[in-house]
Every structure is written in structure tokens, then in C-alpha cells.
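Enquirer: Below is a structure I'd like to ask you about.
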2 protein chains.
Amino acid sequence: MRWNMIATWKMSIDGVREGMELLRKDGDICKAVIEAVKNVEDNEAYSSVGYGGLPNEDGAVELDAAFMDGETLDAGGVMAVRNIKNPVEVAHRLSKYRRNCFLAGEGAVEFARSNGFTICEMLASSAKIKYENTILRGKGQNPLEAYKEHDTVCIIGRDDMGRMACGVSTSGLFLKHPGRVGDSPVIGSGFYVDSLSGGAAATGVGEDIMKGCLSYEIVGRMRRGQDVQSACQEALDDHIRQLESRNHKAGSMSVIAMDKNGNIGAATNLKIFPFTAGSSSGKCEVLAAVNTRGNRRIMRADDVRWEEYGGD
Amino acid sequence: MRWNMIATWKMSIDGVREGMELLRKDGDICKAVIEAVKNVEDNEAYSSVGYGGLPNEDGAVELDAAFMDGETLDAGGVMAVRNIKNPVEVAHRLSKYRRNCFLAGEGAVEFARSNGFTICEMLASSAKIKYENTILRGKGQNPLEAYKEHDTVCIIGRDDMGRMACGVSTSGLFLKHPGRVGDSPVIGSGFYVDSLSGGAAATGVGEDIMKGCLSYEIVGRMRRGQDVQSACQEALDDHIRQLESRNHKAGSMSVIAMDKNGNIGAATNLKIFPFTAGSSSGKCEVLAAVNTRGNRRIMRADDVRWEEYGGD
């Protein structure tokens, strides 16, 4: 019996623990992934996902989420939705349909409401205070600074039968334009999983991630026989080279992936990108992809001298 | 001097002629592609794109469009938008930004309005009559029948400097759920273009196209050295095999592509898929990808015995 999970950022650790516990009790991989993402959505402390997520430029929290079942290739998502407590649950429901699997805006909210999903105000007081303080400081003085926070939760899991699934959820860029859709709910860019090859997911500046369909590119490399870590690193490196050769300054991009056997990989163009990994051995830990002077490593977060990495 | 265009369906012929004329006058490839798509958007006779497009289940026309510049990889799109006369123009404008390049729903309409794009009612009387007649016949008796019409216009062009661009526009599935987003505005699924490799675009059942990120897959195959026609046919065949092995009955899917040298390809799982091709030789013609008893060919539409292909 062997099962695994990998998830973006440290914030996913409690969710991954919950998901691993469900798998230990012989739970369904889809349910384990969804419960893990919901754990992050429900935590007000995380300012980029679900409740507590930072609002758009109008002061409203707008959320993107998606779900994909690697066994069936069924995928669903919601884009730019307000007032949905757990967008990943709605994405999962939509993934089960043959048509109308991705819904945006009011139409998606209406679907959630009429199908019994919890509807509530998603602007937490902590997020409202941050929004008001930023607006007071002078909205738009440097909009790209405002866009700095964009930590999507992405969770990829695999059960002991080799069935894989992936869930993602985010409130997107702080102070984004209303209606903005990032890479997260976009299949192939923010996520992709196929139990026969593996899964990948991305976090960072969605507009830059989308230009290279990063998640599909990583899964494609695994499909063609590349190992999971090389697939992550080379897909990211090649994409950044492509962007730079077109005069784009690549924004921050980080990826996680898992191959069909449960091996994991990660890569980033940040100095350090923390992520979470859990396995059936019982271990559930924070790791980090580290870039120092061209030296790339995956290391245990406890072994990282964080003070070296400053603002990243 | 050599320039080329390829576009989905017969309805694109006038648009392609207009685009080719712009290229002959040394016009910009981006402008040529946009004007070609706008020609289709503006024609009420085409019931799946722009004005004249068939409405969603609430009776409202909701449009998806996208634009990608193969030289810069800049991409933008609008999803599930109402009342925008030429969605592809808004997508083009959005593609020029570093952030907020894809907008959905009301936020996208607000962007279009405040940036001076024409806002108007997009439900043509012909579409309203068809909607009312269908509802009268009994909405939902066979919803998948209602979803039959989904002919997206996709146009890929290349100028004599080798610069490529792609534009897509659609009203999506007739009687779709409000807010539904198909493959068309989803980068990698509905479209992808890179002047260094080539471009591809798709039309058909978006939910099935998205499961395989078909456009990115085709461009990836060209990037790895496959010729454009094999890339189209093999990407489509492999994807249909993948879907069938997961117990999906693949919906209709058709693809067009152009390599970096201007050579074109197309493939379909319909009996026949007409498309339009124009070149600097002055020729602008309707071709068809034909499937008969395992025999696949690209032929001139004039040589097709259409009566053999019945309802397709």
C-alpha cells in the first residue's frame, strides 16, 4: 500500500495531513484531494485562497478553482466567482458532467447556489483591512507591486491503486481587475493530471504560466519518458528562456509534479519555493526547491537557512 | 513574399479574403487575423459566432474569444461576455497587457465599455426565434441534441516575415449553462501559436478538446519536428484513443494548424470538416478534411460529393 500527495506552499501542510489520513482509512483519492484543498480554503490566515483571500480592485473576493480526475481525465472549474465557500467542491461537481464543466462569474455562482453549495461572504476582516490600507496608500501607484501575492494551493495525490487527482484553488492576484482569470482554473496551464503518466500544477504569475501551458508541458515530458524532477526543471527553464527571448521579464513561477509511480518533483524561479509532501510511510513534511547561484536543490525546510532568502 | 491563412469552417471565407487583402497591402498579421475574425463575428447568418450567435439556456448570447501573437507569445481572452460587438478585439487589447489578460463575465464587459469598445445587444431576431422554437419544443428533453451547434471560428495567419497570430471567437454551445466557458478562450486547448514552431486551433465539443489540450499538443509535436498534417492527425487520434480508453464517447473535434513555414494541416472525427485556406498566390479556397471508411484526405470542397456526408 503506497499513497502520496504533493502540494504547493507551506500553507498546505494541514490539508495534506488531513488528505493523507483519509487515504490511510482507504478513502477515495478525489475526496482526499478535495478535503485537503478545502482545509486551505477555509483557513482565514491564508490570504490568497478561499476565505481570507485578498480582494480585487473593487474590494470583492473573486475565486478560481479547478479539479481533475487523472483516471478519467474529467475536469471542471469555476472562474472569477464570488461568495462560494468552497470553490474546489463546485469544480469537482462540474467535472462529473459531460458538458458545461467550466463556469465563470454569476452563472457559476447560480449553479453553486441551486445545487446546495454554501454561499457566504468571502471577504474576511483581515483582508478588508489590508485592502483599505493599500488603497489609502495610493492604489495603482505601482500595480505590479500589488500583484505580488498570488500563492495558489495546488494538490496532486495518488492512491495505492495508482489513481491520481489534482485540485487547485486561489483568490488570484491582489487588486486584480474584476473578472480576471489566472492560470489556476485553466487546464494545461494551472493543472493537468493523467494517472497513466503523472500530474503537474503551477503557482505564480498566471499570465506568464499560461504562455507556456506549463502543467501540460510537464505531464507531456513524463509521458515521453522524462523523470519527474527533470520534467519540472527543464519545462520551467525552457519556458523562461522562451519568454526572455521574446523580451518578457518572466514573473515568478513555481511548479510541482508527481509521476504515475508517486515520485515527486518541483522547480521554481524564486530563490526558494516551499512545498509539502506526504506519503504512506506516515511522513508529512515541508520541503523547498532552492535556487542559489545556479545551484538547484530540493531540501527539507528545516535544513534551510531562511534568513539567506530574505523577501522571497 | 509569402503569406498564408487557415480558418475553420466555410463561414470564414469572406473573412479570410479580407485578411489576405490586408496582408497583400503589407498589413500587420495581427490586424489581418482580427479583421478576418470580426468579419465572421459581424455576420448574422453564422449562428455560432458573434452577432447572430445562439443564446444560452436563459436566452442570452454569451461569447468567448481569444487572441495570441505568435511572435511574443502574448495572449488575451474574454469568457462568457454579453453585449460586446467584437469580442476578438477586446481579447487582442488584453493580450498586450502584462497582467489581467483573460477576463470573464461582467468584469470583462466593464473593461470593454470603459475602453471604448462597442457595446450592443447581440441576440439577433433569427437566433431569438430559434431559441423560442426550441424551448417550445421542450427544453431539456435531449440537452446534448441542443448542444450540437458549436462551430467556432479560428483563424491562424502568417505574414511574409514569418510572424504568426491566431484569433478565435464563438458563442459556444446552444442552450449552454450561463457562464459556461468552452475550449475557445482557453490557451493550449482552443488555440496556441508560436512563430518559431507553428500554430493550431480547435473547434467542436470544448469539454472534450480541453481534456487533451489539443492545440498545444499539436504545436508541441511541430516543435519536436513532426510535419503539420501528421501532428494534427496523430494528436487527434491519440486523444480520441485516450478518451475512449477512459470510457468517454468522444464528441466532435476538428483541428487546423499551420507550421512556421506556412504549410497547413487539418484533422477531424466528423465525416467531413470544411475549412478555408488562403495564400499569397491569390488563391483563397474552401478545403475539407474527409473521413470515409478509415480513408482520410484533404480535398477541395468543390470535389466533395456532399450528398455522401449527410447531416455532418
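In the C-alpha cells, chains take letters A, B, ... by order of appearance, with residues numbered from 1 within each chain and ligands from 1 in the order shown.
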Which neighbours of stretch 18-31 of chain A fall inside 9 Å, counting only C-alpha atoms, when residues of the same chain fewer than 5 positions from it are skipped, and could you give them as a PyMOL selection string?

Expert: chain A and resi 3-5+13+36-37+39+67-69+92+157-160+163-167+278-280+282+284

Enquirer: Tell me, as a PDB file with C-alpha atoms, in the first residue's frame, which residues lie within 7 Å of A:Glu41, counting only C-alpha atoms; anything in the same chain fewer than 3 positions away does not count.

Expert:
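Once written, out-v2.pdb looks like this:
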```pdb
ATOM      1  CA  VAL A  37      -7.792  21.877  -0.684  1.00  0.00           C
ATOM      2  CA  LYS A  38     -10.872  22.771   1.414  1.00  0.00           C
ATOM      3  CA  VAL A  49      -7.041  31.181  -1.168  1.00  0.00           C
ATOM      4  CA  GLY A  50     -10.720  30.978  -0.228  1.00  0.00           C
ATOM      5  CA  TYR A  51     -11.897  32.742   2.947  1.00  0.00           C
ATOM      6  CA  ASN A  86     -15.521  26.075  -1.228  1.00  0.00           C
TER       7      ASN A  86
END
```

Enquirer: Using Å and a single decimal, report how far atom CA of A:Gly206 sits from atom CA of A:Val109.

Expert: 22.6 Å

Enquirer: Residues of chain A no more than 6 Å from chain B, counting only C-alpha atoms: send them over as a ChimeraX atom specification.

Expert: /A:72-73,100,102-105,107,178-181,211,246

Enquirer: Using DSSP on the backbone, list every residue of stretch 188-255 of chain A that comes out as helix (DSSP H, G or I), and give them as an MDAnalysis selection string.

Expert: chainID A and resid 206:210 214:223 228:245

Enquirer: Can you tell me which residues surround B:Val40 at a distance of at most 10 Å, considering only C-alpha atoms, apart from same-chain residues fewer than 4 positions away, and format the answer as a short mmCIF file (atom, residue, chain, number, x, y, z; two decimals) with N, CA, C and O atoms, in the first residue's frame?

Expert:
```cif
data_model
loop_
_atom_site.label_atom_id
_atom_site.label_comp_id
_atom_site.auth_asym_id
_atom_site.auth_seq_id
_atom_site.Cartn_x
_atom_site.Cartn_y
_atom_site.Cartn_z
N MET B 11 -17.72 29.29 -43.25
CA MET B 11 -18.18 30.65 -42.92
C MET B 11 -17.03 31.66 -42.86
O MET B 11 -17.27 32.87 -42.91
N SER B 12 -15.80 31.16 -42.75
CA SER B 12 -14.66 32.08 -42.62
C SER B 12 -14.15 32.61 -43.96
O SER B 12 -13.25 33.45 -43.98
N ILE B 13 -14.73 32.18 -45.08
CA ILE B 13 -14.13 32.50 -46.38
C ILE B 13 -14.05 34.01 -46.65
O ILE B 13 -13.00 34.51 -47.10
N ASP B 14 -15.13 34.75 -46.36
CA ASP B 14 -15.09 36.19 -46.62
C ASP B 14 -14.08 36.88 -45.69
O ASP B 14 -13.37 37.80 -46.11
N GLY B 15 -14.03 36.43 -44.47
CA GLY B 15 -13.08 37.00 -43.52
C GLY B 15 -11.65 36.73 -43.97
O GLY B 15 -10.79 37.62 -43.91
N VAL B 16 -11.38 35.51 -44.41
CA VAL B 16 -10.03 35.17 -44.86
C VAL B 16 -9.67 36.01 -46.09
O VAL B 16 -8.54 36.53 -46.19
N GLU B 35 -9.27 41.32 -38.22
CA GLU B 35 -10.30 41.75 -39.17
C GLU B 35 -11.02 40.54 -39.77
O GLU B 35 -12.22 40.57 -40.02
N ALA B 36 -10.27 39.48 -40.01
CA ALA B 36 -10.88 38.26 -40.56
C ALA B 36 -11.89 37.67 -39.57
O ALA B 36 -13.00 37.27 -39.95
N GLU B 44 -24.64 38.05 -39.27
CA GLU B 44 -25.76 37.45 -38.53
C GLU B 44 -26.06 36.02 -38.99
O GLU B 44 -26.60 35.21 -38.23
N ALA B 45 -25.69 35.71 -40.23
CA ALA B 45 -26.03 34.39 -40.79
C ALA B 45 -25.33 33.25 -40.05
O ALA B 45 -25.78 32.10 -40.11
N TYR B 46 -24.22 33.55 -39.35
CA TYR B 46 -23.47 32.48 -38.68
C TYR B 46 -23.95 32.38 -37.24
O TYR B 46 -23.75 33.28 -36.43
N SER B 48 -23.18 30.70 -34.66
CA SER B 48 -22.32 30.20 -33.58
C SER B 48 -21.21 31.17 -33.21
O SER B 48 -20.35 30.84 -32.40
N VAL B 49 -21.23 32.36 -33.80
CA VAL B 49 -20.17 33.35 -33.57
C VAL B 49 -20.78 34.75 -33.56
O VAL B 49 -21.56 35.09 -34.45
N GLY B 50 -20.42 35.55 -32.57
CA GLY B 50 -20.78 36.98 -32.55
C GLY B 50 -22.27 37.23 -32.75
O GLY B 50 -23.12 36.47 -32.26
N TYR B 51 -22.56 38.32 -33.48
CA TYR B 51 -23.96 38.69 -33.71
C TYR B 51 -24.65 37.58 -34.52
O TYR B 51 -24.13 37.12 -35.53
N ASN B 86 -17.56 42.99 -30.77
CA ASN B 86 -16.44 42.24 -31.34
C ASN B 86 -15.50 41.75 -30.24
O ASN B 86 -14.45 42.35 -29.97
N THR B 152 -16.92 27.10 -33.86
CA THR B 152 -16.05 28.24 -33.53
C THR B 152 -15.28 28.69 -34.76
O THR B 152 -14.81 27.86 -35.53
N VAL B 153 -15.15 30.01 -34.94
CA VAL B 153 -14.22 30.47 -35.96
C VAL B 153 -12.83 30.60 -35.32
O VAL B 153 -12.67 31.23 -34.27
N SER B 169 -13.23 32.97 -31.96
CA SER B 169 -14.44 33.61 -31.43
C SER B 169 -15.62 32.65 -31.57
O SER B 169 -15.75 31.94 -32.58
N THR B 170 -16.48 32.62 -30.55
CA THR B 170 -17.61 31.69 -30.57
C THR B 170 -18.69 32.13 -29.59
O THR B 170 -18.41 32.86 -28.63
#
```
